[in-house]
Amino acid sequence: MSSPDACTGEENWVDSRTVYIGHKVPPPGTEAYIPQRYPDNRIVSSKYTFWNFIPKNLFEQFRRIANFYFLIIFLVQLIIDTPTSPITSGLPLFFVITVTAIKQGYEDWLRHKADNAVNQCPVHVVQHGKVVRKQSRKLQVGDVVLVKEDETFPCDLILLSTSRDDGTCFVTTASLDGESSHKTYYAVQDTKAFNTEEEVDTIQATIECEQPQPDLYKFVGRVNIYLDRDEPIARPLGSENLLLRGATLKNTEYIYAVAIYTGMETKMALNYQSKSQKRSAVEKSMNAYLIVYLCILISKALINTVFKYVWQADPNRDEPWYNQKTETERQRHILIRAFTDFLAFMVLFNYIIPVSMYVTVEMQKFLGSYFISWDDEMFDEELGEGALVNTSDLNEELGQVEYVFTDKTGTLTENNMEFIECCVDGHVYVPHAICNGQIMSGASSIDMIDSSPSAEGKEHEELFFRALCLCHTVQVKEEETVDGIKRGIHQGKATSFYISSSPDEVALVEGMKRLGFTYLRLKDNHMEILNREDEIERFELLEVLNFDSVRRRMSVIVRSNSGELYLFCKGADSSIFPRVISGKVDQVRARVEHNAVEGLRTLCVAYKRLSREEYEQVCHLLSSAKLALQDRDKKLAEAYDVIERDFILLGATAVEDRLQDKAADTIESLHKAGMKVWVLTGDKMETAAATCYASKLFRRNTQILELTTKRTEEQSLHDVLFDLSRTVLRQHGSMTRDTFSGLSSDFQDYGLIIDGATLSAVMKPAQEGSGTGGNYKEIFLEICRNCSAVLCCRMAPLQKAQIVKLIKASKEHPITLAIGDGANDVSMILEAHVGIGIMGKEGRQAARNSDYAIPKFKHLKKMLLVHGHYYYIRISELVQYFFYKNVCFIFPQFLYQFFCGFSQQPLYDTAYLTLYNISFTSLPILLYSLIEQHINMDILKRDPSLYRDIAKNSLLQWPIFVYWTFLGVFDAVVFFFGAFFLFDNTTFTSNGQLMATNTQMMFGNWTFGTLVFTVLVFTVTLKLALDTHYWTWINHFVIWGSLLFYVIFSLLWGGIIWPFLNYQRMYYVFMQMLASGPAWLSIILLIMVSLLPDVVKKVLCRALWPTTTERIQNADKLYKGHLSEFTPLSSLHAPPVHGRGHNEGQNHTHRRSVSSPPKKVMYTHWGGGPNYCTFRSFLPFGENPRLSGVGYAYTAPGPETSV
């Protein structure tokens, strides 16, 4: 490249690639032709290949502590002589590993299938002037590709030419960033005339561009075109020339483009970010419990090993002389013997760690997640789809949420814009509604609020309308439907539709149409407008300064018929007002603020005239910035900054974005459930605040605290923060926020508003010199904690994620949930503990990256308050119950060692050991954990405060865990000693057998073990039955079926001589046991004794210290499940409001007058009147912090408790 301007800054820019279009060598003498190696166009999204699946999958599975532990135990059983056969731990482990491997292998196979489908789809490539079909995976960098309408681009392409004369094409990028709107891309100016294969094949050019990087919206490159001259023409390439893989061509017949990034180097593939594995709080609790049990296990094994050697120290008690192995064993070192014994005890007791719990939890999560996708109430008719579950690992986390971070546009609101009014020089124009599809003629369609403007005003008004008709990137499509959306504006002529990448723009252009200025089309670089006099005006479009979220404005430069040059600019008020030098700024600003408070989205419009010299200067600035290969964005921003200034203000527009259905109701419910809702938005403060009032995030009596740039300009950030924290903390004094409900009115509610700029100042790490910088975060968090709602406006996408991270890392480590609908919310969704995407207007990007996707914001209420609540209740019972049943199972084994000389003799038969967790007790708990509903669904929805009962992982706290463990130990002691004392008085019978005199039963260690095991299986299954609130035929079938299966299995196992067993220790034992009457008695007696303490505890706790949940359960039973029909739930836990209570009581009595008298009397009690709480005197609600959140003064359990 000999052109001097192309070489500037070339030396330091190594990180680039040169692509030869159509693999053609450039003319000689330019530069050496070095073909580079690039990957082919294969996409790989799968994790395993056929060869590495087994080693890689096994490695991943054994990284889980439990699996690894069982592997070790299994190996120990193989190596040393252990009491139980290796099969007992090998089989469950093998089962777990196989099930998980099959599940993961199947998921990966699906990915392989999808990859193959993509890699083998046909592509049209131009070779030697002909179009050839190739498989997509064989595409190479430098190939020229032909793409037809509605086809998807096979890799990242630079657009060379299109079927349109102006060299543009329209593309939807729904599968990339989820925006379903049409975007315009431009061909390289010098090649846009090459419209056939033969012509395209003659292009000689090279493209230099950056190496692949994942940012979808950034691309820097330049193309050197070799025409007949030696000097190549250099043209800039930007993201508007780059067609991304996965986008679809629309509204354009065909295009020719050259491949520059292929396969795994495409931007789409670089964006497959591997999501970090999120782990739920329950899983963390499970691991903590596992470690506790591991300690219990090791201590048991140690105790037994020590006792064994103490016991054998007496020579009389040592191994008997006829045992062959003893000589060699005695020769071994005492430490080695002790160690083998220790390992043998470990193996014997290892069942206290339940391997099958992990399988059950996996199955529970996987199957349980279907309940969300099957939920009809979360199905959306418009979209035709229901909720989606992308990760089933976090189901129970939905019941633990403390902070909800939500986006505003499209999440709380519909993202459906409607033009409301515009204001020109202080005069307000309101378009009439369209009558029967006819636009009302001429001037009558404008409703003038103020007196009519002067001549100068008239000119400004026309300029304003023209500015809005010209300053946009809207396309006109003259067809019936656009992606199924009818956007018709009838004119009697062919209907045309406006399509744009932002709904605001369409609303503005349609608003102008209703005010008499119609935008017709963009043709040959000329924009055509139909004005009020039905004349067509043409403006030549010279430059577009595109909108970006940093500048928050966009401009166009046009030349009118008379040759005048205009720069029109529209943008957010904050980015236009500082750049204005004349115009009626105060009137417009007043109107903008007025509209913002009403919750409308406002834009300001300004213009300036350009002289020829200015225009040429502008062109020079822009072209030099556009040709830069490095820091192009920065240079463009600087150029824009120079160009867009010294404006004359024209006016402002207002567009309304309506709230989504039931958004306010949902936010209110979340508040009552004790969650804090934060709104994070890119919008203006006033607009966002108005939405927050509308959606009941802020109530009328909420005191608003501002932490905004406006305030920090007046006084330093330091002072503002301390002021705010003083205000908040003075009110609360020593009280923490949790001690009263969100409903009580005695306390001042605070709402905080903060903007992006102030936030970055707060987040800035401390400078070395100043001592005060670092602790801002702490003060900020302290203020936030005491506010019931926080609104963050003007946020960049990354700041949203920063805020979530900040709260996640604060000292309480709360569980966070982020919900959003656009590509700008993805970072926040990935950062939060639970990410929820909304399948909205802005496409699918958020839904694809989320853990759960729902159609509308209102579905969040049911998702958390019902599904989340149920999942958490179910899984917490599952975890605790698993540990409980394994303590019951293994503790008798521990006690038995004291009675068998610590000889590692198993108490139960091998078959029982293996099958206890796999088949005798596994199904009932799995089913419980899928279908249990401790409270009716409607009640959970109507009464959000029940959610507080399970907050902060309350059902998996240590006290409850200890209670379950003690219960297990108690039951185990009952089983063991009960059976032991039953067999206590034994005598020898005549033929030398040991008989139990009081049972007439042959007594051996297997009979004893079987008796204990029978009591055990029945007890733990019935314990679950006691805990079940929601009975269906499936529960009955599984619970009684499991017990029946145990009995039948035992009869078969001991009743037949199995040829494949080398021993028959269980032969006839079970029948022998059941033949004795006292054995039956003892089984029934022991089951009742073991279940008694739990029943007593439940009854006492419910009577004396009921939680809100239990009160509602009692009430529901009392009303035979009709609670949902007629009970005012508030009466279960809120003091009656006097004056209302009386009437309510009467109404209800009246309404149920048919029912029996006692109910009627009770009803009058429920409604209000005096407080009937019988146990009020020793119910210290105030002092008990756990209850006080839920049990605000509780009205009337009087009748209940007496029943």
# chains A, B, ... in the order shown; residues from 1 in each chain; ligands from 1
call {"tool": "select_by_dssp", "arguments": {"residues": "stretch 876-1123 of chain A", "states": "helix (DSSP H, G or I)", "output": "ChimeraX atom specification"}}
result
/A:876-897,910-920,922-931,937-942,944-950,954-956,958-982,1005-1027,1033-1055,1069-1074,1077-1104,1108-1118,1123
call {"tool": "residues_around", "arguments": {"residues": "A:Asp215", "least_positions_apart": "3", "cutoff": "9 Å", "atoms": "only C-alpha atoms", "output": "ChimeraX atom specification"}}
result
/A:218-219,267,270-271
call {"tool": "atom_distance", "arguments": {"atom1": "atom CA of A:Ser562", "atom2": "atom CA of A:Leu463"}}
result
14.5 Å
call {"tool": "residues_around", "arguments": {"residues": "A:Val544", "least_positions_apart": "2", "cutoff": "7 Å", "atoms": "only C-alpha atoms", "output": "ChimeraX atom specification"}}
result
/A:546,555-557
call {"tool": "residues_around", "arguments": {"residues": "stretch 140-156 of chain A", "least_positions_apart": "5", "cutoff": "9 Å", "atoms": "only C-alpha atoms", "output": "PyMOL selection string"}}
result
chain A and resi 19-24+37-41+118-119+121+123-127+131+197+200-201+242-263+265-268
call {"tool": "write_last_selection", "arguments": {"atoms": "N, CA and C atoms", "output": "CSV table (one decimal), in the first residue's frame"}}
result
chain,number,residue,atom,x,y,z
A,19,VAL,N,-7.9,-9.6,4.2
A,19,VAL,CA,-8.7,-10.6,3.5
A,19,VAL,C,-8.7,-10.2,2.0
A,20,TYR,N,-8.4,-11.2,1.2
A,20,TYR,CA,-8.4,-11.0,-0.2
A,20,TYR,C,-9.8,-11.4,-0.8
A,21,ILE,N,-10.5,-10.4,-1.3
A,21,ILE,CA,-11.9,-10.7,-1.7
A,21,ILE,C,-11.8,-11.7,-2.9
A,22,GLY,N,-12.6,-12.8,-2.8
A,22,GLY,CA,-12.6,-13.8,-3.8
A,22,GLY,C,-11.3,-14.5,-4.0
A,23,HIS,N,-10.4,-14.4,-3.0
A,23,HIS,CA,-9.0,-15.0,-3.0
A,23,HIS,C,-8.2,-14.5,-4.2
A,24,LYS,N,-8.4,-13.3,-4.6
A,24,LYS,CA,-7.7,-12.8,-5.7
A,24,LYS,C,-6.4,-12.1,-5.3
A,37,ARG,N,-3.9,-18.4,7.5
A,37,ARG,CA,-4.7,-19.6,7.8
A,37,ARG,C,-5.8,-19.1,8.7
A,38,TYR,N,-7.1,-19.4,8.4
A,38,TYR,CA,-8.2,-19.1,9.2
A,38,TYR,C,-9.0,-20.4,9.5
A,39,PRO,N,-9.8,-20.4,10.6
A,39,PRO,CA,-10.6,-21.6,10.8
A,39,PRO,C,-11.7,-21.8,9.8
A,40,ASP,N,-12.2,-23.0,9.6
A,40,ASP,CA,-13.3,-23.2,8.7
A,40,ASP,C,-14.6,-22.7,9.4
A,41,ASN,N,-15.7,-22.9,8.7
A,41,ASN,CA,-16.9,-22.3,9.2
A,41,ASN,C,-17.7,-23.2,10.1
A,118,VAL,N,-26.7,-26.9,11.5
A,118,VAL,CA,-26.2,-25.6,11.1
A,118,VAL,C,-25.1,-25.8,10.1
A,119,ASN,N,-24.1,-26.7,10.5
A,119,ASN,CA,-22.9,-26.8,9.7
A,119,ASN,C,-23.1,-27.4,8.3
A,121,CYS,N,-26.0,-26.9,6.4
A,121,CYS,CA,-26.9,-26.2,5.6
A,121,CYS,C,-26.2,-25.6,4.3
A,123,VAL,N,-25.0,-23.3,1.2
A,123,VAL,CA,-24.6,-21.8,1.1
A,123,VAL,C,-24.3,-21.6,-0.4
A,124,HIS,N,-24.6,-20.5,-1.0
A,124,HIS,CA,-24.3,-20.2,-2.4
A,124,HIS,C,-23.0,-19.3,-2.4
A,125,VAL,N,-22.0,-19.8,-3.1
A,125,VAL,CA,-20.7,-19.1,-3.2
A,125,VAL,C,-20.4,-18.8,-4.6
A,126,VAL,N,-19.9,-17.6,-4.9
A,126,VAL,CA,-19.5,-17.2,-6.2
A,126,VAL,C,-18.1,-17.7,-6.5
A,127,GLN,N,-17.9,-18.6,-7.5
A,127,GLN,CA,-16.6,-19.0,-7.9
A,127,GLN,C,-16.4,-18.9,-9.4
A,131,VAL,N,-22.4,-19.4,-9.6
A,131,VAL,CA,-22.8,-19.6,-8.2
A,131,VAL,C,-22.8,-21.1,-7.9
A,197,GLU,N,-23.2,-12.2,-10.7
A,197,GLU,CA,-22.1,-13.0,-10.3
A,197,GLU,C,-20.8,-12.6,-11.1
A,200,VAL,N,-19.4,-9.3,-9.9
A,200,VAL,CA,-18.8,-9.4,-8.6
A,200,VAL,C,-17.5,-10.1,-8.7
A,201,ASP,N,-17.4,-11.0,-9.6
A,201,ASP,CA,-16.2,-11.8,-9.7
A,201,ASP,C,-15.0,-11.0,-10.2
A,242,LEU,N,-21.2,-4.5,8.3
A,242,LEU,CA,-20.9,-5.8,8.7
A,242,LEU,C,-22.2,-6.6,9.0
A,243,LEU,N,-22.4,-7.7,8.3
A,243,LEU,CA,-23.6,-8.5,8.5
A,243,LEU,C,-23.2,-9.7,9.4
A,244,LEU,N,-23.9,-9.8,10.5
A,244,LEU,CA,-23.4,-10.8,11.5
A,244,LEU,C,-24.1,-12.2,11.3
A,245,ARG,N,-23.3,-13.2,11.5
A,245,ARG,CA,-23.8,-14.5,11.5
A,245,ARG,C,-25.1,-14.7,12.4
A,246,GLY,N,-26.1,-15.3,11.9
A,246,GLY,CA,-27.3,-15.5,12.7
A,246,GLY,C,-28.4,-14.5,12.4
A,247,ALA,N,-28.0,-13.3,11.8
A,247,ALA,CA,-29.0,-12.3,11.4
A,247,ALA,C,-29.7,-12.8,10.1
A,248,THR,N,-30.9,-12.2,9.8
A,248,THR,CA,-31.7,-12.6,8.7
A,248,THR,C,-31.9,-11.5,7.7
A,249,LEU,N,-31.8,-11.8,6.4
A,249,LEU,CA,-32.0,-10.7,5.4
A,249,LEU,C,-33.5,-10.5,5.2
A,250,LYS,N,-33.9,-9.3,5.2
A,250,LYS,CA,-35.4,-9.0,5.0
A,250,LYS,C,-35.6,-7.9,4.0
A,251,ASN,N,-36.7,-8.0,3.3
A,251,ASN,CA,-37.1,-6.9,2.5
A,251,ASN,C,-36.1,-6.5,1.4
A,252,THR,N,-35.2,-7.4,1.0
A,252,THR,CA,-34.2,-7.2,0.0
A,252,THR,C,-34.1,-8.5,-0.7
A,253,GLU,N,-34.1,-8.5,-2.1
A,253,GLU,CA,-34.1,-9.7,-2.8
A,253,GLU,C,-32.9,-10.6,-2.6
A,254,TYR,N,-31.7,-10.0,-2.8
A,254,TYR,CA,-30.5,-10.8,-2.7
A,254,TYR,C,-29.3,-9.8,-2.4
A,255,ILE,N,-28.2,-10.3,-1.8
A,255,ILE,CA,-27.0,-9.5,-1.6
A,255,ILE,C,-25.8,-10.3,-2.0
A,256,TYR,N,-24.7,-9.6,-2.3
A,256,TYR,CA,-23.4,-10.3,-2.4
A,256,TYR,C,-22.5,-9.7,-1.3
A,257,ALA,N,-21.8,-10.6,-0.6
A,257,ALA,CA,-21.0,-10.2,0.5
A,257,ALA,C,-19.8,-11.1,0.6
A,258,VAL,N,-18.8,-10.6,1.3
A,258,VAL,CA,-17.5,-11.4,1.4
A,258,VAL,C,-17.3,-11.8,2.9
A,259,ALA,N,-16.9,-13.1,3.1
A,259,ALA,CA,-16.8,-13.6,4.4
A,259,ALA,C,-15.5,-13.1,5.0
A,260,ILE,N,-15.6,-12.5,6.2
A,260,ILE,CA,-14.3,-12.1,6.9
A,260,ILE,C,-14.1,-12.8,8.2
A,261,TYR,N,-15.1,-13.2,9.0
A,261,TYR,CA,-14.9,-14.1,10.1
A,261,TYR,C,-15.7,-15.3,10.0
A,262,THR,N,-15.1,-16.5,10.2
A,262,THR,CA,-15.9,-17.7,10.0
A,262,THR,C,-15.8,-18.6,11.3
A,263,GLY,N,-16.8,-19.5,11.4
A,263,GLY,CA,-16.8,-20.5,12.4
A,263,GLY,C,-16.8,-19.9,13.8
A,265,GLU,N,-14.9,-17.9,15.1
A,265,GLU,CA,-14.4,-16.6,15.2
A,265,GLU,C,-15.5,-15.5,14.9
A,266,THR,N,-16.7,-16.0,14.6
A,266,THR,CA,-17.8,-15.1,14.3
A,266,THR,C,-18.2,-14.4,15.6
A,267,LYS,N,-18.8,-13.2,15.5
A,267,LYS,CA,-19.1,-12.5,16.8
A,267,LYS,C,-20.2,-13.3,17.6
A,268,MET,N,-21.0,-14.0,16.8
A,268,MET,CA,-22.1,-14.8,17.5
A,268,MET,C,-21.4,-15.9,18.4
call {"tool": "residues_around", "arguments": {"residues": "stretch 898-913 of chain A", "least_positions_apart": "6", "cutoff": "6 Å", "atoms": "only C-alpha atoms", "output": "list of chain:residue names"}}
result
A:Pro83, A:Lys308, A:Gly1009
call {"tool": "closest_residue", "arguments": {"among": "A:Phe883, A:Lys278, A:Val962, A:Gln1072", "to": "A:Val1020", "atoms": "only C-alpha atoms"}}
result
A:Phe883
call {"tool": "residues_around", "arguments": {"residues": "A:Ile87", "least_positions_apart": "5", "cutoff": "9 Å", "atoms": "only C-alpha atoms", "output": "list in words"}}
result
Phe74, Gln77, Pro92, Thr910 and Thr914 of chain A
call {"tool": "closest_atom_pairs", "arguments": {"of": "stretch 544-614 of chain A", "to": "stretch 783-795 of chain A", "cutoff": "12 Å", "atoms": "only C-alpha atoms", "output": "tab-separated table"}}
result
residue	atom	partner	partner_atom	distance
A:Ser549	CA	A:Arg794	CA	9.9
A:Val550	CA	A:Arg794	CA	10.3
A:Arg552	CA	A:Arg794	CA	10.6
A:Ala572	CA	A:Arg794	CA	11.1
A:Ser574	CA	A:Arg794	CA	10.8
call {"tool": "write_last_selection", "arguments": {"atoms": "N, CA and C atoms", "output": "short mmCIF file (atom, residue, chain, number, x, y, z; two decimals), in the first residue's frame"}}
result
data_model
loop_
_atom_site.label_atom_id
_atom_site.label_comp_id
_atom_site.auth_asym_id
_atom_site.auth_seq_id
_atom_site.Cartn_x
_atom_site.Cartn_y
_atom_site.Cartn_z
N SER A 549 -25.85 5.55 22.87
CA SER A 549 -26.40 5.73 24.22
C SER A 549 -25.54 6.65 25.07
N VAL A 550 -24.32 6.95 24.59
CA VAL A 550 -23.49 7.88 25.37
C VAL A 550 -23.89 9.32 25.05
N ARG A 552 -26.65 10.17 23.49
CA ARG A 552 -28.10 10.25 23.69
C ARG A 552 -28.76 11.24 22.74
N ALA A 572 -32.16 13.49 23.99
CA ALA A 572 -32.64 13.70 25.36
C ALA A 572 -32.37 15.15 25.78
N SER A 574 -31.21 16.40 28.39
CA SER A 574 -29.92 16.65 29.05
C SER A 574 -28.79 16.79 28.05
#
call {"tool": "residues_around", "arguments": {"residues": "stretch 856-868 of chain A", "least_positions_apart": "6", "cutoff": "9 Å", "atoms": "only C-alpha atoms", "output": "PyMOL selection string"}}
result
chain A and resi 371-372+377-380+387+395-401+411-413+660-667+669-670+673+819-820+836+838-840+937-938+940-941+943-944+946-947
call {"tool": "select_by_dssp", "arguments": {"residues": "stretch 764-1011 of chain A", "states": "strand (DSSP E or B)", "output": "ChimeraX atom specification"}}
result
/A:789-793,816-820,834-838,840,843,852-854,986-988,994-996,1001-1002
call {"tool": "closest_residue", "arguments": {"among": "A:Lys626, A:His620, A:Lys47, A:Lys192", "to": "A:Ser239", "atoms": "only C-alpha atoms"}}
result
A:Lys626
call {"tool": "closest_residue", "arguments": {"among": "A:Gln1113, A:Thr921, A:Thr406, A:Ser611", "to": "A:Leu1022", "atoms": "only C-alpha atoms"}}
result
A:Thr921
call {"tool": "atom_distance", "arguments": {"atom1": "atom CA of A:Ile807", "atom2": "atom CA of A:Leu752"}}
result
15.0 Å
call {"tool": "closest_residue", "arguments": {"among": "A:Ala654, A:Leu470, A:Leu717, A:Ile815", "to": "A:Val597", "atoms": "only C-alpha atoms"}}
result
A:Ala654
call {"tool": "atom_distance", "arguments": {"atom1": "atom CA of A:Thr758", "atom2": "atom CA of A:Leu216"}}
result
28.2 Å
call {"tool": "decode", "arguments": {"residues": "stretch 812-888 of chain A", "atoms": "C-alpha atoms", "output": "tab-separated table (two decimals), in the first residue's frame"}}
result
chain	number	residue	atom	x	y	z
A	812	GLU	CA	-26.05	-9.96	54.82
A	813	HIS	CA	-25.39	-11.67	51.48
A	814	PRO	CA	-29.02	-11.42	50.40
A	815	ILE	CA	-30.43	-13.52	47.55
A	816	THR	CA	-31.01	-11.29	44.51
A	817	LEU	CA	-33.22	-11.62	41.47
A	818	ALA	CA	-32.87	-9.60	38.28
A	819	ILE	CA	-35.63	-9.32	35.69
A	820	GLY	CA	-35.37	-7.61	32.32
A	821	ASP	CA	-36.32	-7.97	28.69
A	822	GLY	CA	-33.55	-6.56	26.50
A	823	ALA	CA	-29.99	-7.25	25.53
A	824	ASN	CA	-28.99	-4.41	27.86
A	825	ASP	CA	-30.23	-6.41	30.86
A	826	VAL	CA	-28.21	-9.54	30.14
A	827	SER	CA	-25.23	-8.56	32.30
A	828	MET	CA	-27.54	-7.92	35.24
A	829	ILE	CA	-29.43	-11.19	34.67
A	830	LEU	CA	-26.21	-13.20	34.62
A	831	GLU	CA	-24.91	-11.46	37.74
A	832	ALA	CA	-27.91	-11.98	40.04
A	833	HIS	CA	-28.54	-15.24	41.91
A	834	VAL	CA	-31.68	-15.79	39.86
A	835	GLY	CA	-32.04	-14.21	36.43
A	836	ILE	CA	-35.47	-13.91	34.84
A	837	GLY	CA	-35.95	-12.83	31.24
A	838	ILE	CA	-39.14	-11.42	29.80
A	839	MET	CA	-40.07	-12.53	26.30
A	840	GLY	CA	-40.76	-9.01	25.20
A	841	LYS	CA	-40.62	-6.58	22.31
A	842	GLU	CA	-36.87	-6.26	22.53
A	843	GLY	CA	-36.51	-9.90	21.53
A	844	ARG	CA	-35.12	-13.01	23.08
A	845	GLN	CA	-31.62	-12.14	24.21
A	846	ALA	CA	-32.61	-11.69	27.85
A	847	ALA	CA	-34.84	-14.77	27.82
A	848	ARG	CA	-32.02	-16.88	26.39
A	849	ASN	CA	-29.46	-15.86	28.97
A	850	SER	CA	-31.80	-16.11	31.92
A	851	ASP	CA	-32.49	-19.00	34.27
A	852	TYR	CA	-36.24	-18.64	33.81
A	853	ALA	CA	-38.19	-16.78	31.16
A	854	ILE	CA	-41.75	-15.50	31.60
A	855	PRO	CA	-44.07	-13.75	29.12
A	856	LYS	CA	-45.05	-10.77	31.29
A	857	PHE	CA	-43.93	-9.01	34.46
A	858	LYS	CA	-47.16	-9.92	36.28
A	859	HIS	CA	-46.21	-13.61	36.14
A	860	LEU	CA	-43.35	-12.90	38.53
A	861	LYS	CA	-45.85	-12.80	41.38
A	862	LYS	CA	-46.97	-16.38	40.98
A	863	MET	CA	-43.47	-17.54	40.15
A	864	LEU	CA	-42.08	-16.34	43.49
A	865	LEU	CA	-45.02	-16.40	45.87
A	866	VAL	CA	-46.41	-19.77	44.78
A	867	HIS	CA	-43.84	-21.82	42.88
A	868	GLY	CA	-40.84	-20.51	44.78
A	869	HIS	CA	-42.56	-21.04	48.12
A	870	TYR	CA	-43.56	-24.61	47.28
A	871	TYR	CA	-40.16	-25.56	45.87
A	872	TYR	CA	-38.40	-24.32	48.96
A	873	ILE	CA	-40.77	-26.07	51.38
A	874	ARG	CA	-40.43	-29.30	49.41
A	875	ILE	CA	-36.68	-29.39	49.04
A	876	SER	CA	-35.98	-28.38	52.63
A	877	GLU	CA	-38.13	-31.26	53.87
A	878	LEU	CA	-36.38	-33.56	51.39
A	879	VAL	CA	-32.90	-32.68	52.65
A	880	GLN	CA	-33.75	-32.88	56.34
A	881	TYR	CA	-35.72	-36.11	55.91
A	882	PHE	CA	-32.89	-37.79	54.05
A	883	PHE	CA	-30.42	-37.12	56.84
A	884	TYR	CA	-33.02	-38.18	59.40
A	885	LYS	CA	-33.79	-41.54	57.80
A	886	ASN	CA	-30.10	-42.34	57.45
A	887	VAL	CA	-29.44	-41.58	61.13
A	888	CYS	CA	-32.31	-43.92	62.02
